[in-house]
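Single-structure report; data block below.
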Amino acid sequence: MARTILVYAERRDGALRRVAFEALGAARRLAGDDGTVHAVIAASGGAAAGAAEDAAALAARGADVVHIADDPALGAYAPEAYASMLGAAIEAVRPDALLLGHTASGRELAPRVAAACSAGHIADVIAIHKDGEGDDISFTAPLYAGKALQRRAFAHGVMWVVTVRPNNLPPAEALPEGGKTGSVVELRFTAPTLLTTLRGIVRKTSGAIDLAEADIVVAGGRGVRSAAGFEPLQALAKALGGAVGASRAACDAGYCDYSMQIGQTGKVVTPKLYIACGISGAIQHLAGMNQSKTIIAINKDPDAPIFSIADYGIVGDLFEVVPLFLEEVQRLRPIPD
Amino acid sequence: MKWVVLLKQTFDTEEKIYFTEDGIREEDVKLIINPYDEYALEEALRWKEQLGGEVIVVTCGTERTHEALRLALAMGADQAIRVSSDGIPDDSGVLADVLAAAIAPLQPDLLLAGLFAVDTGSGSVALQTAELLGLPHAGAVVKLSIGTAAELGIQPGDERPYALAVRDVEGDQETVALPLPACITAQQGLNDPRYPSLPGIMKAKRKPLIVIEPAELKPYRPLGEALIKGQPPAGNSGLLAESDSYFVPSARTYRTQLSPPPPRAAGKRLTGSPAEQAEELARELHDVLAEALDKK
């Protein structure tokens, strides 16, 4: 079956997020060979040049039409402006499905758009299935942060709204050389008068990678013993281009900010490599990270539950092991003189 | 001021999940108020204590949710409403419509909910409800102030009620101003929820806990203007006033399968001195480390 799919290609700090390409890859599969994939990106005046480059990148990876919405109200994320932009894109494209990343903004735009369009919403999707011989599509989403998995499907005749979890679906590949690349068009859009207004932004993560999107996560638990105890973890994460997370015990003890918490409360992460340092492995923490590809546990307590799910376990002092491991990492790529 | 809190009862996060033929076993499971909803409730109680008014908690569920509603009343809520989930399909869109129909007649100044529930993790119902009710929202709020636009320094001389919310955006913090009525979703760090006091528990027994059957709901009008223009009215929102009967919308999504996650076994314990362990670990992880270093 040929479908028309619209992808919200989210940008952050003036660049497309990786999850935008993952959503695009999913859209390609859902559209089928005869279907059409549209993408929409938000831009604002001066930054529109970057938007053109991003649009070209999407067109080269399988978007048949990329719509650029250019409006001053889209300069910074504003739910009403962005939701209205998606509303305008839906009117222009009349898609069978809208795909977004399950990110801070994607997960609040999706329900608003779904409700406004009487569409169904399946959230936090980690896998897409074509069932049986026919063309029935179902979506896997975790329950209880991954203690269970459910598959969901859409009722006949409704529009689909799907948010996909970063790091789980294969990103769209570049089209073969000589293939037809998509076109770039302007989306006619005028922002409504916004009720909600942005008063200020405090950047606490400048340059840091978002926990949910990081390939490598180094996480600390009660065993780090203090805020300063996170320093060796930060050094390791930095060396590997990863992000630092924490268990609830570390957050509750005040060693770090709640925005770093991984678990059933907090964030669910699925990186390629998860290094748990001084984390015992409470059930609610394990739920938030046990779908990581490779798990390393470093803990003094040989009976800590974290070892039961770790691919590699080291019984030892994190303050001793982590710096030694960092040295090994640095040995792999000596810093040029 | 009327403070309405959306509340969901969930499994305790320390509970293991056991699968039966019918799905997930619910007997003998410790149930709690979804932790994020508890932040929302606590925030409503604090603002009621400062500015007065009434805190109403609303849920959709079975009779078992009365435990959570009584707890909310013991913490200080004035009234609890349960829309019976009998005949309500498991779909976020349907739930949002049912909740919007229950909430619209309450005319809330502020609708509060958790950022997401720890069972589905989707964070969809509250914002679909906000959309159906025509309320603007601020999501993932970690600090909230309520007052007039003038008091909050938003607009001198403007006496309209506003919320000033600091929200967590993937670690960064953003401050937004929005006029009431509005909706906010609570993120961890917003407050430390209180424990109910003994007098609170005693008082809760006499507070109203109202059960509404879906058939008793009425079509509703949005409280504010639709935020996404050009779309036909959804669900029961915007139905003509003369139409008096509410219909439960049909499910837009449904579950086709439920399964435990793929099992994960313990791997290898590394031995030797810390230096040897670190070396072996780096050897075992060579490919993933090399890929990460190349990407940097």
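Naming works like this for the structure tokens: A, B, ... for the chains as they're shown, residue 1 at the start of each chain, ligands 1 onward in shown order.
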Which residues of chain B are close to chain A, meaning at most 6 Å apart when you count only C-alpha atoms, and how do they look as an mmCIF file with N, CA, C and O atoms, in the first residue's frame?
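The resulting file, result.cif, is shown below:
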data_model
loop_
_atom_site.group_PDB
_atom_site.id
_atom_site.type_symbol
_atom_site.label_atom_id
_atom_site.label_comp_id
_atom_site.auth_asym_id
_atom_site.auth_seq_id
_atom_site.Cartn_x
_atom_site.Cartn_y
_atom_site.Cartn_z
ATOM 1 N N THR B 13 7.084 1.970 41.186
ATOM 2 C CA THR B 13 8.193 1.772 40.240
ATOM 3 C C THR B 13 9.132 0.648 40.676
ATOM 4 O O THR B 13 9.929 0.166 39.878
ATOM 5 N N GLU B 14 9.050 0.233 41.937
ATOM 6 C CA GLU B 14 9.889 -0.886 42.388
ATOM 7 C C GLU B 14 9.231 -2.243 42.121
ATOM 8 O O GLU B 14 9.796 -3.288 42.434
ATOM 9 N N VAL B 118 4.401 6.737 34.667
ATOM 10 C CA VAL B 118 5.518 5.798 34.635
ATOM 11 C C VAL B 118 5.125 4.433 34.058
ATOM 12 O O VAL B 118 5.963 3.562 33.955
ATOM 13 N N ASP B 119 3.872 4.256 33.655
ATOM 14 C CA ASP B 119 3.520 2.993 32.985
ATOM 15 C C ASP B 119 3.664 3.107 31.456
ATOM 16 O O ASP B 119 4.481 2.426 30.866
ATOM 17 N N THR B 120 2.901 4.003 30.830
ATOM 18 C CA THR B 120 3.028 4.106 29.373
ATOM 19 C C THR B 120 4.204 4.980 28.952
ATOM 20 O O THR B 120 4.733 4.826 27.849
ATOM 21 N N SER B 122 4.189 7.860 27.872
ATOM 22 C CA SER B 122 3.985 8.607 26.636
ATOM 23 C C SER B 122 3.688 10.091 26.837
ATOM 24 O O SER B 122 3.968 10.896 25.966
ATOM 25 N N SER B 124 0.911 11.671 26.778
ATOM 26 C CA SER B 124 0.029 12.100 25.695
ATOM 27 C C SER B 124 -1.323 12.627 26.177
ATOM 28 O O SER B 124 -1.836 13.613 25.642
ATOM 29 N N LEU B 127 -1.820 16.447 27.407
ATOM 30 C CA LEU B 127 -1.717 17.487 26.375
ATOM 31 C C LEU B 127 -2.815 17.354 25.331
ATOM 32 O O LEU B 127 -3.241 18.349 24.744
ATOM 33 N N GLN B 128 -3.308 16.132 25.099
ATOM 34 C CA GLN B 128 -4.487 16.000 24.227
ATOM 35 C C GLN B 128 -5.687 16.654 24.909
ATOM 36 O O GLN B 128 -6.496 17.315 24.262
ATOM 37 N N GLU B 131 -5.415 20.354 24.534
ATOM 38 C CA GLU B 131 -5.774 20.776 23.170
ATOM 39 C C GLU B 131 -7.293 20.785 22.995
ATOM 40 O O GLU B 131 -7.867 21.727 22.453
ATOM 41 N N GLY B 171 17.595 19.420 29.837
ATOM 42 C CA GLY B 171 18.711 19.902 30.645
ATOM 43 C C GLY B 171 18.844 21.419 30.673
ATOM 44 O O GLY B 171 19.315 21.982 31.649
ATOM 45 N N ASP B 172 18.434 22.099 29.600
ATOM 46 C CA ASP B 172 18.414 23.559 29.617
ATOM 47 C C ASP B 172 17.144 24.025 30.325
ATOM 48 O O ASP B 172 16.202 23.249 30.475
ATOM 49 N N GLN B 173 17.133 25.297 30.747
ATOM 50 C CA GLN B 173 15.924 25.808 31.398
ATOM 51 C C GLN B 173 15.381 27.005 30.642
ATOM 52 O O GLN B 173 16.117 27.926 30.295
ATOM 53 N N GLU B 174 14.086 26.946 30.411
ATOM 54 C CA GLU B 174 13.405 27.961 29.631
ATOM 55 C C GLU B 174 12.313 28.546 30.505
ATOM 56 O O GLU B 174 11.619 27.811 31.186
ATOM 57 N N THR B 175 12.168 29.877 30.490
ATOM 58 C CA THR B 175 11.084 30.499 31.242
ATOM 59 C C THR B 175 10.016 30.979 30.265
ATOM 60 O O THR B 175 10.332 31.663 29.294
ATOM 61 N N VAL B 176 8.764 30.577 30.512
ATOM 62 C CA VAL B 176 7.671 31.004 29.637
ATOM 63 C C VAL B 176 6.547 31.613 30.465
ATOM 64 O O VAL B 176 6.353 31.261 31.628
ATOM 65 N N ALA B 177 5.833 32.549 29.865
ATOM 66 C CA ALA B 177 4.677 33.173 30.500
ATOM 67 C C ALA B 177 3.440 32.755 29.731
ATOM 68 O O ALA B 177 3.455 32.737 28.500
ATOM 69 N N LEU B 178 2.371 32.386 30.453
ATOM 70 C CA LEU B 178 1.137 32.051 29.754
ATOM 71 C C LEU B 178 -0.071 32.486 30.562
ATOM 72 O O LEU B 178 -0.062 32.404 31.784
ATOM 73 N N ILE B 228 -4.659 25.133 17.313
ATOM 74 C CA ILE B 228 -4.273 24.735 15.970
ATOM 75 C C ILE B 228 -5.467 24.992 15.069
ATOM 76 O O ILE B 228 -6.489 24.326 15.167
ATOM 77 N N ALA B 234 -12.631 18.222 17.338
ATOM 78 C CA ALA B 234 -12.344 16.825 17.632
ATOM 79 C C ALA B 234 -13.253 16.309 18.732
ATOM 80 O O ALA B 234 -13.743 17.074 19.550
ATOM 81 N N ARG B 252 -8.772 4.970 18.593
ATOM 82 C CA ARG B 252 -7.998 5.235 17.378
ATOM 83 C C ARG B 252 -6.772 4.335 17.311
ATOM 84 O O ARG B 252 -6.175 4.171 16.268
ATOM 85 N N THR B 253 -6.378 3.821 18.475
ATOM 86 C CA THR B 253 -5.266 2.863 18.504
ATOM 87 C C THR B 253 -5.663 1.719 19.424
ATOM 88 O O THR B 253 -6.523 1.888 20.290
ATOM 89 N N TYR B 254 -5.054 0.565 19.216
ATOM 90 C CA TYR B 254 -5.344 -0.561 20.095
ATOM 91 C C TYR B 254 -4.110 -1.450 20.209
ATOM 92 O O TYR B 254 -3.221 -1.427 19.345
ATOM 93 N N ARG B 255 -4.076 -2.217 21.287
ATOM 94 C CA ARG B 255 -2.939 -3.093 21.529
ATOM 95 C C ARG B 255 -3.135 -4.411 20.797
ATOM 96 O O ARG B 255 -4.208 -4.994 20.827
ATOM 97 N N THR B 256 -2.077 -4.884 20.134
ATOM 98 C CA THR B 256 -2.176 -6.154 19.418
ATOM 99 C C THR B 256 -1.360 -7.245 20.093
ATOM 100 O O THR B 256 -1.541 -8.423 19.799
ATOM 101 N N GLN B 257 -0.447 -6.843 20.959
ATOM 102 C CA GLN B 257 0.441 -7.840 21.553
ATOM 103 C C GLN B 257 1.066 -7.272 22.825
ATOM 104 O O GLN B 257 1.302 -6.066 22.912
ATOM 105 N N LEU B 258 1.326 -8.169 23.767
ATOM 106 C CA LEU B 258 1.988 -7.759 25.007
ATOM 107 C C LEU B 258 3.024 -8.824 25.329
ATOM 108 O O LEU B 258 2.719 -10.016 25.257
ATOM 109 N N SER B 259 4.231 -8.426 25.645
ATOM 110 C CA SER B 259 5.253 -9.439 25.896
ATOM 111 C C SER B 259 6.310 -8.916 26.861
ATOM 112 O O SER B 259 6.480 -7.706 26.996
ATOM 113 N N PRO B 260 6.997 -9.836 27.532
ATOM 114 C CA PRO B 260 8.127 -9.398 28.347
ATOM 115 C C PRO B 260 9.266 -8.959 27.430
ATOM 116 O O PRO B 260 9.318 -9.393 26.274
ATOM 117 N N PRO B 261 10.160 -8.101 27.916
ATOM 118 C CA PRO B 261 11.290 -7.711 27.076
ATOM 119 C C PRO B 261 12.217 -8.902 26.876
ATOM 120 O O PRO B 261 12.175 -9.852 27.666
ATOM 121 N N ARG B 264 17.891 -10.741 29.461
ATOM 122 C CA ARG B 264 19.262 -10.256 29.415
ATOM 123 C C ARG B 264 20.022 -11.020 30.488
ATOM 124 O O ARG B 264 19.655 -10.982 31.657
ATOM 125 N N ALA B 265 21.033 -11.725 30.105
ATOM 126 C CA ALA B 265 21.757 -12.543 31.075
ATOM 127 C C ALA B 265 23.025 -11.827 31.519
ATOM 128 O O ALA B 265 23.529 -10.948 30.828
ATOM 129 N N ALA B 266 23.494 -12.230 32.697
ATOM 130 C CA ALA B 266 24.745 -11.678 33.187
ATOM 131 C C ALA B 266 25.860 -12.134 32.266
ATOM 132 O O ALA B 266 25.856 -13.258 31.765
ATOM 133 N N GLY B 267 26.794 -11.257 32.011
ATOM 134 C CA GLY B 267 27.900 -11.580 31.112
ATOM 135 C C GLY B 267 29.121 -12.024 31.883
ATOM 136 O O GLY B 267 29.035 -12.868 32.772
ATOM 137 N N LYS B 268 30.197 -11.378 31.574
ATOM 138 C CA LYS B 268 31.505 -11.821 32.047
ATOM 139 C C LYS B 268 31.983 -10.941 33.197
ATOM 140 O O LYS B 268 31.884 -9.721 33.122
ATOM 141 N N ARG B 269 32.482 -11.563 34.256
ATOM 142 C CA ARG B 269 33.156 -10.791 35.310
ATOM 143 C C ARG B 269 34.638 -10.705 34.966
ATOM 144 O O ARG B 269 35.266 -11.729 34.693
ATOM 145 N N LEU B 270 35.169 -9.522 34.970
ATOM 146 C CA LEU B 270 36.582 -9.357 34.666
ATOM 147 C C LEU B 270 37.387 -9.538 35.953
ATOM 148 O O LEU B 270 36.947 -9.140 37.021
ATOM 149 N N PRO B 274 43.032 -3.929 39.157
ATOM 150 C CA PRO B 274 42.237 -2.897 38.488
ATOM 151 C C PRO B 274 42.818 -2.509 37.127
ATOM 152 O O PRO B 274 42.073 -2.346 36.159
ATOM 153 N N ALA B 278 40.828 -2.914 33.621
ATOM 154 C CA ALA B 278 40.596 -1.778 32.720
ATOM 155 C C ALA B 278 41.110 -2.102 31.324
ATOM 156 O O ALA B 278 40.475 -1.785 30.309
ATOM 157 N N ALA B 292 33.328 5.415 18.535
ATOM 158 C CA ALA B 292 33.004 6.653 19.246
ATOM 159 C C ALA B 292 34.118 7.674 19.065
ATOM 160 O O ALA B 292 33.857 8.858 18.847
ATOM 161 N N LEU B 293 35.363 7.213 19.139
ATOM 162 C CA LEU B 293 36.493 8.133 19.024
ATOM 163 C C LEU B 293 36.603 8.685 17.597
ATOM 164 O O LEU B 293 36.944 9.840 17.405
ATOM 165 N N LYS B 296 34.025 11.497 17.013
ATOM 166 C CA LYS B 296 34.244 12.774 17.710
ATOM 167 C C LYS B 296 34.910 13.829 16.833
ATOM 168 O O LYS B 296 35.843 13.568 16.142
#
Worksheet item: So which residues touch B:Pro35 within 12 Å, counting only C-alpha atoms, skipping near sequence neighbours fewer than 2 positions away, as a ChimeraX atom specification?
Response: /A:264-266 /B:7-13,31-33,37-42,68,113-119,121,186-193
Please dump the current selection as a short mmCIF file (atom, residue, chain, number, x, y, z; two decimals), in the first residue's frame; keep N, CA and C atoms.
data_model
loop_
_atom_site.label_atom_id
_atom_site.label_comp_id
_atom_site.auth_asym_id
_atom_site.auth_seq_id
_atom_site.Cartn_x
_atom_site.Cartn_y
_atom_site.Cartn_z
N GLN A 264 12.82 4.60 35.58
CA GLN A 264 11.39 4.66 35.26
C GLN A 264 10.84 6.04 35.57
N THR A 265 11.33 6.66 36.67
CA THR A 265 11.18 8.10 36.79
C THR A 265 12.49 8.66 36.27
N GLY A 266 12.42 9.67 35.43
CA GLY A 266 13.62 10.18 34.78
C GLY A 266 13.62 9.77 33.33
N LEU B 7 -4.91 12.91 37.48
CA LEU B 7 -4.16 11.95 38.29
C LEU B 7 -4.35 10.54 37.74
N LYS B 8 -3.26 9.79 37.74
CA LYS B 8 -3.34 8.40 37.29
C LYS B 8 -2.72 7.50 38.36
N GLN B 9 -3.39 6.39 38.59
CA GLN B 9 -2.83 5.41 39.52
C GLN B 9 -1.93 4.47 38.71
N THR B 10 -0.73 4.22 39.22
CA THR B 10 0.21 3.35 38.50
C THR B 10 0.82 2.34 39.46
N PHE B 11 1.49 1.34 38.90
CA PHE B 11 2.28 0.42 39.71
C PHE B 11 3.40 1.21 40.39
N ASP B 12 3.76 0.81 41.59
CA ASP B 12 4.97 1.34 42.22
C ASP B 12 6.15 1.03 41.30
N THR B 13 7.08 1.97 41.19
CA THR B 13 8.19 1.77 40.24
C THR B 13 9.13 0.65 40.68
N LEU B 31 0.12 -0.16 44.41
CA LEU B 31 -0.24 0.92 43.49
C LEU B 31 0.03 2.26 44.16
N ILE B 32 0.43 3.20 43.35
CA ILE B 32 0.73 4.54 43.86
C ILE B 32 0.10 5.58 42.95
N ILE B 33 0.12 6.84 43.41
CA ILE B 33 -0.19 7.94 42.49
C ILE B 33 1.03 8.09 41.60
N ASP B 37 2.43 12.91 38.71
CA ASP B 37 1.15 13.52 39.07
C ASP B 37 1.17 14.02 40.50
N GLU B 38 1.99 13.34 41.32
CA GLU B 38 2.11 13.76 42.72
C GLU B 38 2.77 15.14 42.80
N TYR B 39 3.75 15.39 41.93
CA TYR B 39 4.34 16.75 41.89
C TYR B 39 3.27 17.76 41.48
N ALA B 40 2.45 17.39 40.51
CA ALA B 40 1.40 18.30 40.03
C ALA B 40 0.42 18.60 41.16
N LEU B 41 0.03 17.55 41.90
CA LEU B 41 -0.90 17.72 43.02
C LEU B 41 -0.29 18.61 44.10
N GLU B 42 0.95 18.33 44.47
CA GLU B 42 1.62 19.12 45.51
C GLU B 42 1.65 20.59 45.11
N ALA B 68 -5.98 5.81 45.54
CA ALA B 68 -5.14 6.95 45.14
C ALA B 68 -5.89 8.26 45.35
N ALA B 113 -0.88 18.41 35.51
CA ALA B 113 -0.72 16.97 35.29
C ALA B 113 0.75 16.65 35.36
N GLY B 114 1.07 15.37 35.45
CA GLY B 114 2.46 14.96 35.41
C GLY B 114 2.99 15.00 33.98
N LEU B 115 4.31 15.11 33.84
CA LEU B 115 4.93 15.12 32.51
C LEU B 115 4.59 13.85 31.74
N PHE B 116 4.63 12.71 32.43
CA PHE B 116 4.17 11.45 31.84
C PHE B 116 3.86 10.50 32.97
N ALA B 117 3.19 9.40 32.66
CA ALA B 117 2.92 8.38 33.66
C ALA B 117 3.99 7.30 33.52
N VAL B 118 4.40 6.74 34.67
CA VAL B 118 5.52 5.80 34.64
C VAL B 118 5.13 4.43 34.06
N ASP B 119 3.87 4.26 33.65
CA ASP B 119 3.52 2.99 32.99
C ASP B 119 3.66 3.11 31.46
N GLY B 121 4.57 5.93 29.80
CA GLY B 121 5.70 6.81 29.49
C GLY B 121 5.44 7.75 28.33
N ALA B 186 4.10 18.63 35.17
CA ALA B 186 5.12 18.73 36.21
C ALA B 186 6.29 17.79 35.93
N GLN B 187 7.49 18.33 36.06
CA GLN B 187 8.72 17.57 35.92
C GLN B 187 9.30 17.37 37.33
N GLN B 188 10.10 16.33 37.47
CA GLN B 188 10.82 16.09 38.71
C GLN B 188 11.57 17.34 39.12
N GLY B 189 11.63 17.61 40.42
CA GLY B 189 12.35 18.78 40.89
C GLY B 189 11.44 19.96 41.14
N LEU B 190 10.15 19.86 40.71
CA LEU B 190 9.22 20.97 40.92
C LEU B 190 9.00 21.22 42.41
N ASN B 191 8.91 20.16 43.19
CA ASN B 191 8.66 20.29 44.64
C ASN B 191 8.90 18.93 45.30
N ASP B 192 8.80 18.90 46.62
CA ASP B 192 8.83 17.63 47.35
C ASP B 192 7.43 17.37 47.87
N PRO B 193 6.72 16.40 47.29
CA PRO B 193 5.34 16.16 47.73
C PRO B 193 5.28 15.82 49.23
#
Strand (DSSP E) call set, DSSP backbone run, stretch 44-128 of chain A, as a PDB file with N, CA and C atoms, in the first residue's frame:
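Written file, selection.pdb:
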ATOM      1  N   VAL A  65       9.468  15.604  -0.853  1.00  0.00           N
ATOM      2  CA  VAL A  65       9.236  17.049  -0.793  1.00  0.00           C
ATOM      3  C   VAL A  65       9.612  17.530   0.607  1.00  0.00           C
ATOM      4  N   VAL A  66      10.440  18.562   0.671  1.00  0.00           N
ATOM      5  CA  VAL A  66      10.758  19.162   1.970  1.00  0.00           C
ATOM      6  C   VAL A  66      10.116  20.540   2.026  1.00  0.00           C
ATOM      7  N   HIS A  67       9.304  20.761   3.050  1.00  0.00           N
ATOM      8  CA  HIS A  67       8.616  22.032   3.214  1.00  0.00           C
ATOM      9  C   HIS A  67       9.368  22.855   4.257  1.00  0.00           C
ATOM     10  N   ILE A  68       9.749  24.070   3.886  1.00  0.00           N
ATOM     11  CA  ILE A  68      10.388  24.947   4.869  1.00  0.00           C
ATOM     12  C   ILE A  68       9.368  25.990   5.307  1.00  0.00           C
ATOM     13  N   ALA A  69       9.086  26.019   6.595  1.00  0.00           N
ATOM     14  CA  ALA A  69       8.230  27.068   7.147  1.00  0.00           C
ATOM     15  C   ALA A  69       9.160  28.138   7.705  1.00  0.00           C
ATOM     16  N   ASP A  70       9.019  29.355   7.218  1.00  0.00           N
ATOM     17  CA  ASP A  70       9.917  30.427   7.636  1.00  0.00           C
ATOM     18  C   ASP A  70       9.074  31.544   8.251  1.00  0.00           C
ATOM     19  N   ALA A  97       0.056   9.744   7.776  1.00  0.00           N
ATOM     20  CA  ALA A  97       0.740   9.650   9.065  1.00  0.00           C
ATOM     21  C   ALA A  97       1.695  10.812   9.252  1.00  0.00           C
ATOM     22  N   LEU A  98       1.833  11.232  10.515  1.00  0.00           N
ATOM     23  CA  LEU A  98       2.831  12.229  10.905  1.00  0.00           C
ATOM     24  C   LEU A  98       3.820  11.539  11.835  1.00  0.00           C
ATOM     25  N   LEU A  99       5.114  11.655  11.530  1.00  0.00           N
ATOM     26  CA  LEU A  99       6.153  11.060  12.377  1.00  0.00           C
ATOM     27  C   LEU A  99       6.992  12.158  13.024  1.00  0.00           C
ATOM     28  N   LEU A 100       7.262  11.997  14.311  1.00  0.00           N
ATOM     29  CA  LEU A 100       8.106  12.946  15.029  1.00  0.00           C
ATOM     30  C   LEU A 100       9.065  12.164  15.918  1.00  0.00           C
ATOM     31  N   GLY A 101      10.142  12.810  16.361  1.00  0.00           N
ATOM     32  CA  GLY A 101      11.015  12.213  17.362  1.00  0.00           C
ATOM     33  C   GLY A 101      10.348  12.315  18.725  1.00  0.00           C
ATOM     34  N   GLY A 120      -4.939   9.231  15.852  1.00  0.00           N
ATOM     35  CA  GLY A 120      -4.444   8.381  16.922  1.00  0.00           C
ATOM     36  C   GLY A 120      -2.996   8.720  17.218  1.00  0.00           C
ATOM     37  N   HIS A 121      -2.565   8.471  18.442  1.00  0.00           N
ATOM     38  CA  HIS A 121      -1.167   8.728  18.803  1.00  0.00           C
ATOM     39  C   HIS A 121      -0.556   7.469  19.406  1.00  0.00           C
ATOM     40  N   ILE A 122       0.528   6.992  18.803  1.00  0.00           N
ATOM     41  CA  ILE A 122       1.316   5.920  19.422  1.00  0.00           C
ATOM     42  C   ILE A 122       2.680   6.522  19.724  1.00  0.00           C
ATOM     43  N   ALA A 123       3.053   6.469  21.009  1.00  0.00           N
ATOM     44  CA  ALA A 123       4.211   7.227  21.488  1.00  0.00           C
ATOM     45  C   ALA A 123       5.392   6.329  21.801  1.00  0.00           C
ATOM     46  N   ASP A 124       6.584   6.916  21.691  1.00  0.00           N
ATOM     47  CA  ASP A 124       7.816   6.291  22.178  1.00  0.00           C
ATOM     48  C   ASP A 124       8.085   4.953  21.477  1.00  0.00           C
ATOM     49  N   VAL A 125       7.946   4.971  20.169  1.00  0.00           N
ATOM     50  CA  VAL A 125       8.063   3.739  19.379  1.00  0.00           C
ATOM     51  C   VAL A 125       9.525   3.326  19.218  1.00  0.00           C
ATOM     52  N   ALA A 127      10.232   0.092  17.617  1.00  0.00           N
ATOM     53  CA  ALA A 127      10.332  -0.806  16.457  1.00  0.00           C
ATOM     54  C   ALA A 127       9.026  -0.745  15.671  1.00  0.00           C
ATOM     55  N   ILE A 128       9.135  -0.985  14.363  1.00  0.00           N
ATOM     56  CA  ILE A 128       7.964  -0.975  13.479  1.00  0.00           C
ATOM     57  C   ILE A 128       7.896  -2.322  12.779  1.00  0.00           C
TER      58      ILE A 128
END
Practice task
Would you mind listing what lies within 10 Å of B:Leu73 as an NGL selection string, with only C-alpha atoms counted and same-chain residues fewer than 4 positions away left out?
Solution key: :B and (55-57 or 67-69 or 77-80 or 196 or 200-209)
Output N, CA, C and O atoms of each residue in that selection to a file, as a short mmCIF file (atom, residue, chain, number, x, y, z; two decimals), in the first residue's frame.
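Just written: again.cif:
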data_model
loop_
_atom_site.label_atom_id
_atom_site.label_comp_id
_atom_site.auth_asym_id
_atom_site.auth_seq_id
_atom_site.Cartn_x
_atom_site.Cartn_y
_atom_site.Cartn_z
N VAL B 55 -8.96 22.60 45.20
CA VAL B 55 -8.18 21.63 44.42
C VAL B 55 -9.06 20.42 44.14
O VAL B 55 -9.57 19.79 45.07
N ILE B 56 -9.23 20.10 42.86
CA ILE B 56 -10.04 18.94 42.47
C ILE B 56 -9.15 17.97 41.70
O ILE B 56 -8.51 18.37 40.73
N VAL B 57 -9.10 16.72 42.15
CA VAL B 57 -8.34 15.72 41.40
C VAL B 57 -9.30 14.90 40.55
O VAL B 57 -10.41 14.57 40.98
N GLU B 67 -8.31 4.36 46.18
CA GLU B 67 -7.19 4.40 47.11
C GLU B 67 -6.30 5.63 46.82
O GLU B 67 -5.94 6.38 47.73
N ALA B 68 -5.98 5.81 45.54
CA ALA B 68 -5.14 6.95 45.14
C ALA B 68 -5.89 8.26 45.35
O ALA B 68 -5.32 9.26 45.79
N LEU B 69 -7.19 8.26 45.05
CA LEU B 69 -7.97 9.49 45.21
C LEU B 69 -8.09 9.87 46.69
O LEU B 69 -7.98 11.04 47.05
N ALA B 77 -6.38 17.73 48.86
CA ALA B 77 -7.33 18.05 47.80
C ALA B 77 -8.73 18.15 48.39
O ALA B 77 -9.03 17.51 49.40
N ASP B 78 -9.59 18.98 47.79
CA ASP B 78 -10.92 19.21 48.34
C ASP B 78 -11.95 18.24 47.80
O ASP B 78 -12.95 17.96 48.46
N GLN B 79 -11.73 17.77 46.59
CA GLN B 79 -12.74 16.94 45.95
C GLN B 79 -12.05 16.01 44.96
O GLN B 79 -11.02 16.38 44.37
N ALA B 80 -12.61 14.81 44.82
CA ALA B 80 -12.05 13.87 43.85
C ALA B 80 -13.16 13.43 42.91
O ALA B 80 -14.30 13.23 43.33
N PRO B 196 0.67 12.67 53.74
CA PRO B 196 -0.59 13.07 54.38
C PRO B 196 -0.45 12.99 55.90
O PRO B 196 0.22 12.11 56.42
N GLY B 200 -5.31 14.80 58.30
CA GLY B 200 -5.62 14.84 56.86
C GLY B 200 -6.29 13.56 56.41
O GLY B 200 -7.26 13.59 55.64
N ILE B 201 -5.78 12.43 56.89
CA ILE B 201 -6.35 11.13 56.52
C ILE B 201 -7.78 11.01 57.06
O ILE B 201 -8.68 10.52 56.37
N MET B 202 -7.98 11.50 58.32
CA MET B 202 -9.32 11.43 58.92
C MET B 202 -10.30 12.30 58.11
O MET B 202 -11.40 11.87 57.78
N LYS B 203 -9.86 13.52 57.80
CA LYS B 203 -10.72 14.45 57.06
C LYS B 203 -11.08 13.91 55.67
O LYS B 203 -12.18 14.13 55.17
N ALA B 204 -10.13 13.22 55.07
CA ALA B 204 -10.31 12.74 53.69
C ALA B 204 -11.53 11.83 53.58
O ALA B 204 -12.18 11.76 52.53
N LYS B 205 -11.83 11.13 54.67
CA LYS B 205 -12.96 10.19 54.64
C LYS B 205 -14.29 10.90 54.41
O LYS B 205 -15.24 10.30 53.95
N ARG B 206 -14.34 12.18 54.81
CA ARG B 206 -15.60 12.91 54.68
C ARG B 206 -15.64 13.81 53.43
O ARG B 206 -16.63 14.46 53.16
N LYS B 207 -14.53 13.85 52.71
CA LYS B 207 -14.51 14.72 51.52
C LYS B 207 -15.21 14.03 50.35
O LYS B 207 -15.22 12.80 50.26
N PRO B 208 -15.79 14.82 49.44
CA PRO B 208 -16.54 14.21 48.33
C PRO B 208 -15.65 13.48 47.33
O PRO B 208 -14.64 14.02 46.89
N LEU B 209 -16.05 12.24 47.06
CA LEU B 209 -15.43 11.45 45.99
C LEU B 209 -16.57 11.06 45.06
O LEU B 209 -17.43 10.26 45.40
#
Check: Which residues, written as a VMD selection string, have at least one atom at most 6 Å from stretch 94-105 of chain B, with only C-alpha atoms counted and residues fewer than 5 positions away on the same chain left out?
Finding: chain B and resid 125 128 to 129 220 249
Separating atom CA of B:Leu164 from atom CA of B:Ala149, to the nearest tenth of an Å, is a gap of 8.9 Å
Next on the checklist: I need the residues in stretch 98-241 of chain B that are helix (DSSP H, G or I) according to DSSP; give them as a list in words.
Outcome noted: Val98, Leu99, Ala100, Ala101, Ala102, Ile103, Ala104, Pro105, Leu106, Val125, Ala126, Leu127, Gln128, Thr129, Ala130, Glu131, Leu132, Leu133, Leu198, Pro199, Gly200, Ile201, Met202, Lys203, Ala204, Pro214, Ala215 and Glu216 of chain B
